[in-house]
>>> print(open('model_6.txt').read())   # compact mmCIF, C-alpha atoms and all ligand atoms
# COMPACT_ATOMS: atom_id res chain seq x y z
CA MET W 1 113.33 177.04 237.13
CA ASN W 2 110.37 179.03 238.39
CA ILE W 3 107.24 176.96 237.88
CA GLN W 4 104.01 178.94 238.24
CA ALA W 5 101.47 176.90 236.28
CA CYS W 6 100.60 173.34 235.34
CA ILE W 7 98.70 172.63 232.13
CA PHE W 8 97.10 169.21 231.87
CA ASP W 9 96.01 167.26 228.84
CA LEU W 10 92.68 165.54 229.56
CA ASP W 11 92.27 162.22 227.75
CA GLY W 12 94.79 159.74 229.14
CA VAL W 13 96.16 162.11 231.80
CA ILE W 14 93.21 163.15 233.99
CA VAL W 15 90.82 160.39 232.91
CA ASP W 16 91.20 157.14 231.01
CA THR W 17 89.03 158.20 228.08
CA ALA W 18 91.69 157.17 225.55
CA LYS W 19 90.13 153.69 225.69
CA TYR W 20 86.67 155.11 224.88
CA HIS W 21 88.00 157.09 221.92
CA TYR W 22 89.64 153.87 220.72
CA ARG W 23 86.47 151.78 221.12
CA ALA W 24 84.35 154.32 219.25
CA TRP W 25 86.86 154.71 216.40
CA ARG W 26 87.24 150.93 216.13
CA LYS W 27 83.49 150.51 215.90
CA LEU W 28 83.46 153.07 213.10
CA ALA W 29 86.33 151.38 211.25
CA ASN W 30 84.60 148.01 211.60
CA SER W 31 81.36 149.48 210.25
CA LEU W 32 83.35 150.54 207.17
CA GLY W 33 84.74 147.01 206.75
CA PHE W 34 88.26 147.20 208.18
CA ASP W 35 89.98 146.87 211.55
CA PHE W 36 91.85 149.38 213.58
CA THR W 37 94.44 148.27 216.13
CA GLU W 38 95.60 149.74 219.42
CA THR W 39 98.95 150.43 217.78
CA ASP W 40 97.15 152.43 215.05
CA ASN W 41 95.33 154.26 217.84
CA GLU W 42 98.58 155.74 219.18
CA GLN W 43 98.65 158.02 216.12
CA LEU W 44 95.29 159.48 217.15
CA LYS W 45 96.15 160.55 220.68
CA GLY W 46 95.97 164.32 220.98
CA VAL W 47 94.68 164.69 217.41
CA SER W 48 91.39 166.46 216.61
CA ARG W 49 88.30 164.52 215.63
CA MET W 50 88.38 165.32 211.91
CA GLU W 51 92.13 164.71 211.62
CA SER W 52 91.70 161.42 213.46
CA LEU W 53 89.03 160.42 210.95
CA ASP W 54 91.41 161.21 208.07
CA ILE W 55 94.09 158.98 209.65
CA ILE W 56 91.57 156.15 210.07
CA LEU W 57 90.24 156.45 206.52
CA ASN W 58 93.82 156.38 205.31
CA ILE W 59 94.44 153.15 207.24
CA GLY W 60 91.31 151.64 205.65
CA LYS W 61 92.27 153.10 202.22
CA LYS W 62 88.93 154.88 201.91
CA THR W 63 88.34 158.19 200.16
CA LEU W 64 85.07 159.92 201.04
CA ASP W 65 83.56 163.32 200.40
CA GLU W 66 83.30 165.99 203.12
CA SER W 67 79.63 165.46 203.90
CA LYS W 68 80.08 161.70 204.36
CA LYS W 69 83.11 162.39 206.54
CA GLN W 70 81.06 164.73 208.73
CA THR W 71 78.38 162.04 209.11
CA LEU W 72 81.00 159.51 210.19
CA ALA W 73 82.63 161.92 212.65
CA ASN W 74 79.19 162.59 214.15
CA GLN W 75 78.52 158.87 214.39
CA LYS W 76 81.83 158.29 216.19
CA ASN W 77 81.06 161.11 218.58
CA ASP W 78 77.59 159.71 219.33
CA TRP W 79 79.19 156.38 220.25
CA TYR W 80 81.87 158.15 222.29
CA LEU W 81 79.22 160.16 224.15
CA GLU W 82 77.49 156.92 225.18
CA TYR W 83 80.63 156.13 227.19
CA ILE W 84 81.31 159.65 228.45
CA THR W 85 77.82 160.32 229.75
CA MET W 86 78.17 157.21 231.96
CA MET W 87 81.41 158.41 233.55
CA THR W 88 81.75 159.00 237.28
CA PRO W 89 84.57 160.34 239.50
CA ASN W 90 85.71 156.70 239.87
CA GLU W 91 87.29 157.05 236.44
CA ILE W 92 89.70 159.81 237.43
CA LEU W 93 93.18 158.36 237.00
CA PRO W 94 95.03 157.36 240.21
CA GLY W 95 96.79 160.15 242.08
CA ILE W 96 95.25 163.03 240.08
CA VAL W 97 92.94 164.39 242.78
CA SER W 98 95.64 164.55 245.46
CA PHE W 99 98.08 166.07 242.95
CA LEU W 100 95.55 168.81 242.09
CA ASP W 101 94.94 169.37 245.81
CA GLU W 102 98.66 169.77 246.40
CA LEU W 103 99.04 172.24 243.51
CA LYS W 104 96.27 174.33 245.00
CA THR W 105 97.91 174.45 248.42
CA GLN W 106 101.10 175.64 246.69
CA ASN W 107 99.16 178.36 244.79
CA MET W 108 100.03 176.88 241.41
CA ARG W 109 97.85 178.03 238.55
CA ILE W 110 96.02 175.15 236.82
CA ALA W 111 94.79 174.92 233.22
CA LEU W 112 93.51 172.26 230.85
CA GLY W 113 94.89 171.96 227.31
CA SER W 114 92.92 169.38 225.32
CA ALA W 115 91.99 168.83 221.68
CA SER W 116 88.63 167.43 222.73
CA LYS W 117 85.35 169.23 222.12
CA ASN W 118 83.93 167.06 224.91
CA ALA W 119 86.36 168.32 227.56
CA VAL W 120 83.89 170.37 229.63
CA LEU W 121 81.31 167.57 229.60
CA THR W 122 83.96 165.04 230.67
CA LEU W 123 85.21 167.24 233.52
CA GLU W 124 81.61 167.79 234.65
CA LYS W 125 80.95 164.06 234.69
CA VAL W 126 84.00 163.33 236.86
CA LYS W 127 83.34 166.44 238.98
CA LEU W 128 86.65 168.17 238.28
CA LEU W 129 85.39 171.16 236.29
CA ASP W 130 85.97 173.62 239.13
CA ARG W 131 89.60 172.52 239.51
CA PHE W 132 90.67 174.23 236.28
CA GLU W 133 90.98 177.98 236.19
CA ILE W 134 91.35 178.01 232.42
CA ILE W 135 90.08 175.46 229.92
CA ILE W 136 91.43 175.47 226.39
CA ASP W 137 89.77 172.72 224.38
CA GLY W 138 88.88 171.73 220.83
CA THR W 139 86.10 174.32 220.72
CA LYS W 140 88.72 177.09 221.06
CA THR W 141 91.70 175.90 219.04
CA THR W 142 92.18 175.97 215.29
CA ARG W 143 95.34 173.87 215.10
CA SER W 144 96.00 170.37 216.46
CA LYS W 145 98.93 169.22 218.58
CA PRO W 146 101.89 169.07 217.79
CA ASP W 147 101.10 172.73 217.08
CA PRO W 148 101.70 174.57 220.39
CA GLN W 149 98.55 176.72 220.06
CA VAL W 150 96.52 174.97 222.79
CA PHE W 151 99.24 175.36 225.42
CA LEU W 152 100.21 178.90 224.41
CA MET W 153 96.57 179.96 224.69
CA GLY W 154 96.40 178.37 228.14
CA ALA W 155 99.51 180.18 229.35
CA ALA W 156 98.35 183.48 227.84
CA ASP W 157 94.93 183.21 229.52
CA LEU W 158 96.62 182.45 232.84
CA GLY W 159 99.02 185.34 232.27
CA ILE W 160 102.05 183.10 232.87
CA ALA W 161 105.15 182.94 230.65
CA PRO W 162 105.55 179.62 228.79
CA LYS W 163 108.93 178.96 230.43
CA ASN W 164 107.17 178.94 233.81
CA CYS W 165 104.68 176.24 232.77
CA ILE W 166 104.76 172.46 233.02
CA VAL W 167 102.64 170.41 230.60
CA PHE W 168 101.47 166.89 231.45
CA GLU W 169 100.75 164.78 228.38
CA ASP W 170 100.18 161.14 227.40
CA ALA W 171 100.58 161.72 223.64
CA THR W 172 103.89 162.16 221.85
CA LYS W 173 102.24 164.87 219.72
CA GLY W 174 101.32 166.67 222.94
CA ILE W 175 104.90 166.47 224.20
CA GLU W 176 106.07 167.96 220.90
CA ALA W 177 103.47 170.73 221.27
CA ALA W 178 104.64 171.55 224.80
CA ARG W 179 108.29 171.66 223.70
CA GLU W 180 107.37 173.85 220.77
CA ALA W 181 105.53 176.16 223.19
CA GLY W 182 108.74 176.53 225.22
CA MET W 183 107.35 174.73 228.27
CA TYR W 184 108.51 171.85 230.43
CA ALA W 185 107.00 168.61 229.14
CA ILE W 186 106.24 165.59 231.34
CA GLY W 187 105.22 162.35 229.62
CA VAL W 188 102.58 160.40 231.52
CA GLY W 189 102.23 156.67 230.88
CA ALA W 190 104.04 153.99 228.97
CA SER W 191 104.69 155.55 225.56
CA ASN W 192 108.20 156.16 224.31
CA PHE W 193 108.50 159.87 225.09
CA THR W 194 111.85 160.69 223.55
CA GLN W 195 111.26 164.44 223.66
CA ALA W 196 109.87 164.76 227.20
CA HIS W 197 111.90 166.46 229.92
CA ALA W 198 110.82 163.66 232.26
CA VAL W 199 108.44 160.70 232.26
CA ILE W 200 106.16 159.36 235.00
CA PRO W 201 104.13 156.13 234.75
CA SER W 202 101.18 157.83 236.52
CA PHE W 203 100.46 160.34 239.29
CA GLU W 204 100.06 157.55 241.81
CA LYS W 205 103.43 157.68 243.51
CA ILE W 206 104.66 161.19 242.86
CA ASN W 207 103.99 164.60 244.34
CA PHE W 208 104.77 168.08 243.02
CA ASP W 209 108.16 168.24 244.76
CA GLY W 210 108.99 164.95 243.04
CA ILE W 211 108.07 166.46 239.65
CA LYS W 212 110.26 169.51 240.29
CA ALA W 213 113.13 167.22 241.32
CA LEU W 214 112.79 165.34 238.01
CA LEU W 215 112.99 168.62 236.10
CA LYS W 216 115.96 169.97 238.00
CA GLY W 217 118.90 170.47 235.67
CA THR W 218 116.79 170.05 232.49
CA MET W 219 116.66 172.90 229.98
CA ILE W 220 113.63 174.15 228.07
C1 LIG W 301 91.93 164.24 222.51
C2 LIG W 301 92.13 162.76 222.30
C3 LIG W 301 91.94 162.40 220.85
C4 LIG W 301 90.61 162.95 220.34
C5 LIG W 301 90.60 164.45 220.48
C6 LIG W 301 89.31 165.08 220.00
O1 LIG W 301 93.06 164.92 222.11
O2 LIG W 301 93.43 162.37 222.70
O3 LIG W 301 91.95 160.99 220.74
O4 LIG W 301 90.41 162.60 218.98
O5 LIG W 301 90.78 164.77 221.84
O6 LIG W 301 88.27 164.67 220.85
P1 LIG W 301 86.72 164.94 220.61
O7 LIG W 301 86.12 164.60 221.94
O8 LIG W 301 86.57 166.37 220.26
O9 LIG W 301 86.30 164.06 219.50
MG MG W 302 95.81 162.69 225.85
>>> encode(input="model_6.txt", output="structure tokens", more="lines below")
Ligand code: G6P
Ligand code: MG
Amino acid sequence: MNIQACIFDLDGVIVDTAKYHYRAWRKLANSLGFDFTETDNEQLKGVSRMESLDIILNIGKKTLDESKKQTLANQKNDWYLEYITMMTPNEILPGIVSFLDELKTQNMRIALGSASKNAVLTLEKVKLLDRFEIIIDGTKTTRSKPDPQVFLMGAADLGIAPKNCIVFEDATKGIEAAREAGMYAIGVGASNFTQAHAVIPSFEKINFDGIKALLKGTMI
């Protein structure tokens, strides 16, 4: 094992924006006359905006044309932006800042791999934009997780081989994407990450040596 880079998902790993995505989608579902539960929301983590909308419309058994779908996606994003624009560094998830500090002191390369088109804005709001050498987000990708594209682009831009990268993800689709990319995959949070190499509840009580210890003996 020769880890040279860490690639982080954004929503649910760096910041707790998963709850804002959920609130905005639920508001949209309710406006269309049906409800959308937190369990349903698990399917949306890591999934692009338009694919998320398709999943929601499927739950509500609605069929709409493309232009109506675009209007709804824009509406959801407007509601989401109301939350995001209010964000401050207080909403960075526990342990992230010190973990990023530690990676820097160890000369690890650091990238972001997110499906969100709001990634740069979010990082600006929480004042972490300068911590990421490479940002691959929904404005650059053409395929959603579990496709490995987002992480492979990150590794390529860093100039690091996939087998020397660790991905941190809170979505099972993101873990699948990391595995498919040929990278180490760490599940962050409480989901049932059957495919992850290791799982951590958060970054609060673990440092980089602890992560490497968890990965020791695992195979890509
Ligand atoms: C992340 C989130 C998803 C979200 C997607 C697109 O992957 O986990 O819930 O749908 O980004 O976000 P956007 O900000 O572009 O709508
Ligand atoms: Mg996520």
>>> residues_around(input="model_6.txt", residues="region 166-174 of chain W", least_positions_apart="6", cutoff="10 Å", atoms="only C-alpha atoms", output="PyMOL selection string")
chain W and resi 3-14+18+42-47+110-115+144-148+150-151+180-202+211-212+215
>>> closest_residue(input="model_6.txt", among="W:Thr105, W:Thr85, W:Asn30, W:Asn90", to="Val120 (chain W)", atoms="all atoms listed in the file")
W:Thr85
>>> axis_aligned_box(input="model_6.txt", around="ligand LIG 301 (chain W)", padding_each_side="5 Å", output="JSON")
{"center_x": 89.8, "center_y": 163.7, "center_z": 220.8, "size_x": 17.3, "size_y": 15.4, "size_z": 13.7}
>>> atom_distance(input="model_6.txt", atom1="CA of Met219 (chain W)", atom2="CA of Asn207 (chain W)")
20.9 Å
>>> atom_distance(input="model_6.txt", atom1="CA of Gly60 (chain W)", atom2="CA of Asn41 (chain W)")
13.1 Å
>>> closest_residue(input="model_6.txt", among="W:Arg26, W:Lys216, W:Lys125, W:Lys117", to="Met50 (chain W)", atoms="all atoms listed in the file")
W:Lys117
>>> atom_distance(input="model_6.txt", atom1="CA of Thr141 (chain W)", atom2="atom C5 of ligand LIG 301 (chain W)")
11.6 Å
>>> residues_around(input="model_6.txt", residues="Gln75 (chain W)", least_positions_apart="2", cutoff="12 Å", atoms="only C-alpha atoms", output="list in words")
Ala24, Trp25, Arg26, Lys27, Leu28, Ala29, Ser31, Arg49, Leu53, Lys68, Lys69, Gln70, Thr71, Leu72, Ala73, Asn77, Asp78, Trp79, Tyr80, Leu81 and Glu82 of chain W
>>> closest_residue(input="model_6.txt", among="W:Asn164, W:Ala213, W:Ser116, W:Gly154", to="Glu51 (chain W)", atoms="only C-alpha atoms")
W:Ser116
>>> closest_residue(input="model_6.txt", among="W:Thr122, W:Ser52, W:Glu176, W:Arg131", to="Leu103 (chain W)", atoms="only C-alpha atoms")
W:Arg131
>>> closest_residue(input="model_6.txt", among="W:Arg109, W:Lys104, W:Lys62, W:Lys140", to="ligand LIG 301 (chain W)", atoms="all atoms listed in the file")
W:Lys140
>>> closest_residue(input="model_6.txt", among="W:Ile175, W:Ile206, W:Ile59, W:Val97", to="ligand MG 302 (chain W)", atoms="all atoms listed in the file")
W:Ile175
